[in-house]
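A short write-up of the structure that comes next.
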Amino acid sequence: MSSLADELLNDLEDTGEDEEEQEEQVAGPSGLGRALKRKAEEDAEMDEDDEDGDGEDEEKPTIEGGVAPGGIAPAQELDAEDVEQMDLAEVDDVRNVAKLEGSKRMMDVLHDIDKYTENPSKDTTMSLDNPEYALIVKANNLSVDIDNEILIVHKFIRDTYSPKFPELHQLVPDPNMFIRAVRVIGNEAELPRGKLTGALPPAIVMTVTIASTTTKGTPLPDAEWQAVLRACDLADRLEEARKKIFSYVRSRMSVLAPNLTAIVGSTCAAKLLGVAGGLNALAKMPACNIAVLGVQKKIVAGFSTATQSRHSGFLAQSDLIQETPSDYKQKAQRTLAAKVALSARMDLQPGNNGTFGRQQREKVAKHIEKLAEPPPAKVVKALPVPDDGPKKRRGGKKARKAKEAYAQTELRKLQNRMAFGEAEEEVGAFDETKGLGMLGSTTGKVRANVVDSKSR
């Protein structure tokens with residue numbers, strides 16, 4: 001005979017089985033029902049978001065990976081920390097790690113730059129249909145690859161030249177200055193006097209000269225020294241190509257997008273137009289999306305992301321943001337993004353000379369200065385001078401009425417008086433006596449005299 005608890009448990013189990021059967025009938029073996037339900041919930045949320053909007057039917061462009069639809073993905077910049085972890089000491093020739101020079105892509109871009117430098121295109125539309133604008137975007141990406149290549153070549157020279165002068169890379173951290181110093185010092189046992197003066201700043205020349213007298217380095221074999229010289233020549237050629245690209249981009253961007261170039265610079269402007277898909281697309285883009293153009297999420301492999309700067313795209317590379325203190329960079333970047341959107345819309349109009357962009361740049365600079373200003377000093381007020389004089393007493397009808405209400409009566413005055421040589425009458429009650437003074441000897445008024453009506 002089952003108890004009441006067993007019957008309740010059986011009923012609950014039957015109810016659970018019925019619910020599972022209903023779910024299986026709706027969902028099926030592949031869980032399609034749950035997916036449809038989840039999809040319906042997402043559609044409902046999207047409908048609610050659309051209803052909450054301002055009734056705009058246009059779709060907002062989505063920024064995926066820092067590139068707008070129709071834009072060209074920017075070249076990936078190498079991190080200096082990743083380059084430092086490379087071990088290139090065992091590499092015999094720099095061509096094994098640096099293969100950009102002489103490639104078809106680089107030769108085509110440099111050839112087109114020479115072509116359009118001699119014969120500029122008359123088409124001033126900033127879209128990918130314009131061949132010169134497409135060349136600007138390609139040249140900008142190529143300049144990033146050249147910077148990456150220079151970093152790798154610099155690391156190869158460092159690793160190969162370190163047996164000769166191991167302290168040099170710590171004294172001269174700049175890649176171009178380091179390569180010039182390696183050329184001047186050479187592979188000799190002693191440092192030639194006076195040759196570093198024109199290649200390095202005076203302060204660095206002194207430290208390098210002192211360190212060369214105490215270094216434990218030894219001259220390199222001839223094969224390794226020749227590899228270092230070839231790497232230095234390659235770095236010089238890459239630097240010349242980089243300068244050529246920058247001069248071309250700067251000259252053409254000031255014509256094609258003068259306002260945008262005036263506010264963020266030619267290099268940053270070309271990068272923004274490349275990832276946005278043209279000036280027309282950039283002008284239609286809201287400022288919040290412009291701020292994240294070119295964002296590259298770095299994989300930290302489990303390490304902390306507290307030191308990483310969030311939402312730092314190509315705008316963060318402009319000189320205005322670079323010169324801003326780190327505490328105000330996010331606010332300055334949002335302000336700059338709004339001004340960039342206005343400048344891009346102004347560039348769509350013909351007959352621009354960059355005046356509007358320069359005005360907006362001055363406004364952003366003033367805003368950044370105002371952000372960085374220290375708060376005003378707190379003014380401590382001195383205490384007021386103490387007033388020790390007589391206080392003013394209230395007068396008037398109300399004051400006189402109050403005095404009359406609490407004035408001493410004639411009876412009280414007679415009680416306080418005593419006749420000379422006569423005994424005072426007393427009254428007593430409950431072991432207490434009270435003197436009557438001169439009460440009863442003369443007539444007295446209960447209340448005080450009434451004030452003259454003229455003085456009311």
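Identifiers in this document derive from the order of the structure tokens: chains are assigned A, B, ..., residues are numbered from 1 separately in each chain, and ligands are numbered from 1 in order of occurrence.
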Within 12 Å of segment 92-106 of chain A, which residues of segment 176-256 of chain A show up? Give each one with its shortest atom-to-atom distance in Å (one decimal) and the two atoms involved, counting only C-alpha atoms, rows by chain then rising residue number, as CSV.
```
residue,atom,partner,partner_atom,distance
A:Ala223,CA,A:Asp92,CA,8.7
A:Glu224,CA,A:Asp92,CA,7.6
A:Trp225,CA,A:Asp92,CA,10.7
A:Gln226,CA,A:Asp93,CA,9.4
A:Ala227,CA,A:Asp93,CA,5.9
A:Val228,CA,A:Val94,CA,8.3
A:Leu229,CA,A:Val94,CA,10.1
A:Arg230,CA,A:Val94,CA,7.6
A:Ala231,CA,A:Val94,CA,5.9
A:Cys232,CA,A:Val94,CA,9.7
A:Asp233,CA,A:Val94,CA,10.7
A:Leu234,CA,A:Glu101,CA,8.1
A:Ala235,CA,A:Glu101,CA,9.9
A:Asp236,CA,A:Glu101,CA,11.4
A:Arg237,CA,A:Glu101,CA,8.5
A:Leu238,CA,A:Glu101,CA,7.4
A:Glu239,CA,A:Glu101,CA,11.1
A:Glu240,CA,A:Glu101,CA,11.6
A:Ala241,CA,A:Met106,CA,9.3
A:Arg242,CA,A:Met106,CA,10.9
A:Ile245,CA,A:Met106,CA,10.8
```
List the neighbours of Gly186 of chain A out to 12 Å using only C-alpha atoms; skip same-chain residues closer than 5 positions along the sequence, and give me the result as a PyMOL selection string.
chain A and resi 161+164-165+178-181+191-192+195-196+218-220+222+224-226+228-229+232
As a PyMOL selection string, list the residues of segment 150-244 of chain A assigned to helix (DSSP H, G or I) by DSSP on the backbone atoms of this structure.
chain A and resi 150-161+168-171+175-185+202-214+222-244
Give the strand (DSSP E or B) residues of segment 337-446 of chain A, as assigned by DSSP on the backbone, as number ranges by chain.
A: 426-429, 432-435, 439, 442
Output for the residues just chosen: all heavy atoms as a CSV table (one decimal), in the first residue's frame:
```csv
chain,number,residue,atom,x,y,z
A,426,GLU,N,2.0,90.0,57.4
A,426,GLU,CA,2.4,88.8,56.7
A,426,GLU,C,1.2,87.9,56.5
A,426,GLU,O,0.3,87.9,57.3
A,426,GLU,CB,3.5,88.1,57.4
A,426,GLU,CG,4.8,88.9,57.4
A,426,GLU,CD,5.9,88.1,58.2
A,426,GLU,OE1,5.6,87.0,58.8
A,426,GLU,OE2,7.1,88.5,58.1
A,427,VAL,N,1.2,87.1,55.5
A,427,VAL,CA,0.2,86.1,55.3
A,427,VAL,C,1.0,84.8,55.1
A,427,VAL,O,2.1,84.7,54.6
A,427,VAL,CB,-0.6,86.4,54.0
A,427,VAL,CG1,-1.5,87.6,54.3
A,427,VAL,CG2,0.2,86.5,52.8
A,428,GLY,N,0.4,83.7,55.6
A,428,GLY,CA,1.1,82.4,55.6
A,428,GLY,C,0.2,81.3,55.1
A,428,GLY,O,-1.0,81.3,55.3
A,429,ALA,N,0.8,80.3,54.5
A,429,ALA,CA,0.1,79.2,54.0
A,429,ALA,C,1.1,78.1,53.8
A,429,ALA,O,2.1,78.3,53.1
A,429,ALA,CB,-0.7,79.5,52.7
A,432,GLU,N,4.6,78.6,54.8
A,432,GLU,CA,5.3,79.6,54.1
A,432,GLU,C,4.6,81.0,54.4
A,432,GLU,O,3.4,81.0,54.5
A,432,GLU,CB,5.3,79.4,52.6
A,432,GLU,CG,6.2,78.2,52.2
A,432,GLU,CD,6.2,78.0,50.7
A,432,GLU,OE1,5.6,78.9,50.0
A,432,GLU,OE2,6.8,77.1,50.1
A,433,THR,N,5.5,82.0,54.5
A,433,THR,CA,4.9,83.3,54.8
A,433,THR,C,5.4,84.3,53.7
A,433,THR,O,6.4,84.1,53.1
A,433,THR,CB,5.4,83.9,56.2
A,433,THR,OG1,6.8,83.9,56.1
A,433,THR,CG2,4.9,83.0,57.3
A,434,LYS,N,4.5,85.2,53.5
A,434,LYS,CA,4.8,86.2,52.4
A,434,LYS,C,4.6,87.6,53.0
A,434,LYS,O,3.5,87.9,53.5
A,434,LYS,CB,3.9,86.0,51.2
A,434,LYS,CG,4.3,86.6,50.0
A,434,LYS,CD,5.5,85.9,49.4
A,434,LYS,CE,5.9,86.4,48.0
A,434,LYS,NZ,7.0,85.8,47.4
A,435,GLY,N,5.5,88.5,52.9
A,435,GLY,CA,5.3,89.9,53.4
A,435,GLY,C,4.5,90.7,52.4
A,435,GLY,O,4.6,90.6,51.2
A,439,LEU,N,1.1,97.1,51.2
A,439,LEU,CA,-0.3,96.9,50.7
A,439,LEU,C,-1.3,97.2,51.8
A,439,LEU,O,-1.2,96.8,52.9
A,439,LEU,CB,-0.4,95.4,50.2
A,439,LEU,CG,0.3,95.0,48.9
A,439,LEU,CD1,0.2,93.6,48.7
A,439,LEU,CD2,-0.2,95.8,47.8
A,442,THR,N,-2.2,102.3,51.3
A,442,THR,CA,-2.7,103.2,50.3
A,442,THR,C,-3.4,102.4,49.2
A,442,THR,O,-3.3,101.2,49.1
A,442,THR,CB,-1.5,104.0,49.7
A,442,THR,OG1,-0.6,103.0,49.1
A,442,THR,CG2,-0.8,104.8,50.8
```
Could you please determine the separation between atom CA of Val249 of chain A and atom CA of Val137 of chain A in Å, to one decimal place?
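Answer for the atom CA of Val249 of chain A to atom CA of Val137 of chain A separation: 8.9 Å.
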Taking into account only C-alpha atoms, which residue in the set A:Met206, A:Val379, A:Val264, A:Ala269 is nearest to Gln333 of chain A?
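Result for the nearest residue to Gln333 of chain A: A:Val264.
For the pair atom CA of Leu171 of chain A and atom CA of Ala203 of chain A, the separation is 10.3 Å.
Candidate residues A:Gln170, A:Thr409, A:Asn140, A:Ser162 were compared for distance to Lys271 of chain A, and the nearest is A:Asn140, using only C-alpha atoms.
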Would you list the contacts of Gln322 of chain A as a VMD selection string, taking every protein, DNA or RNA residue within 12 Å and counting only C-alpha atoms, but skipping same-chain residues closer than 3 positions in sequence?
chain A and resid 264 312 314 to 319 325 to 330 332 to 333 365 368
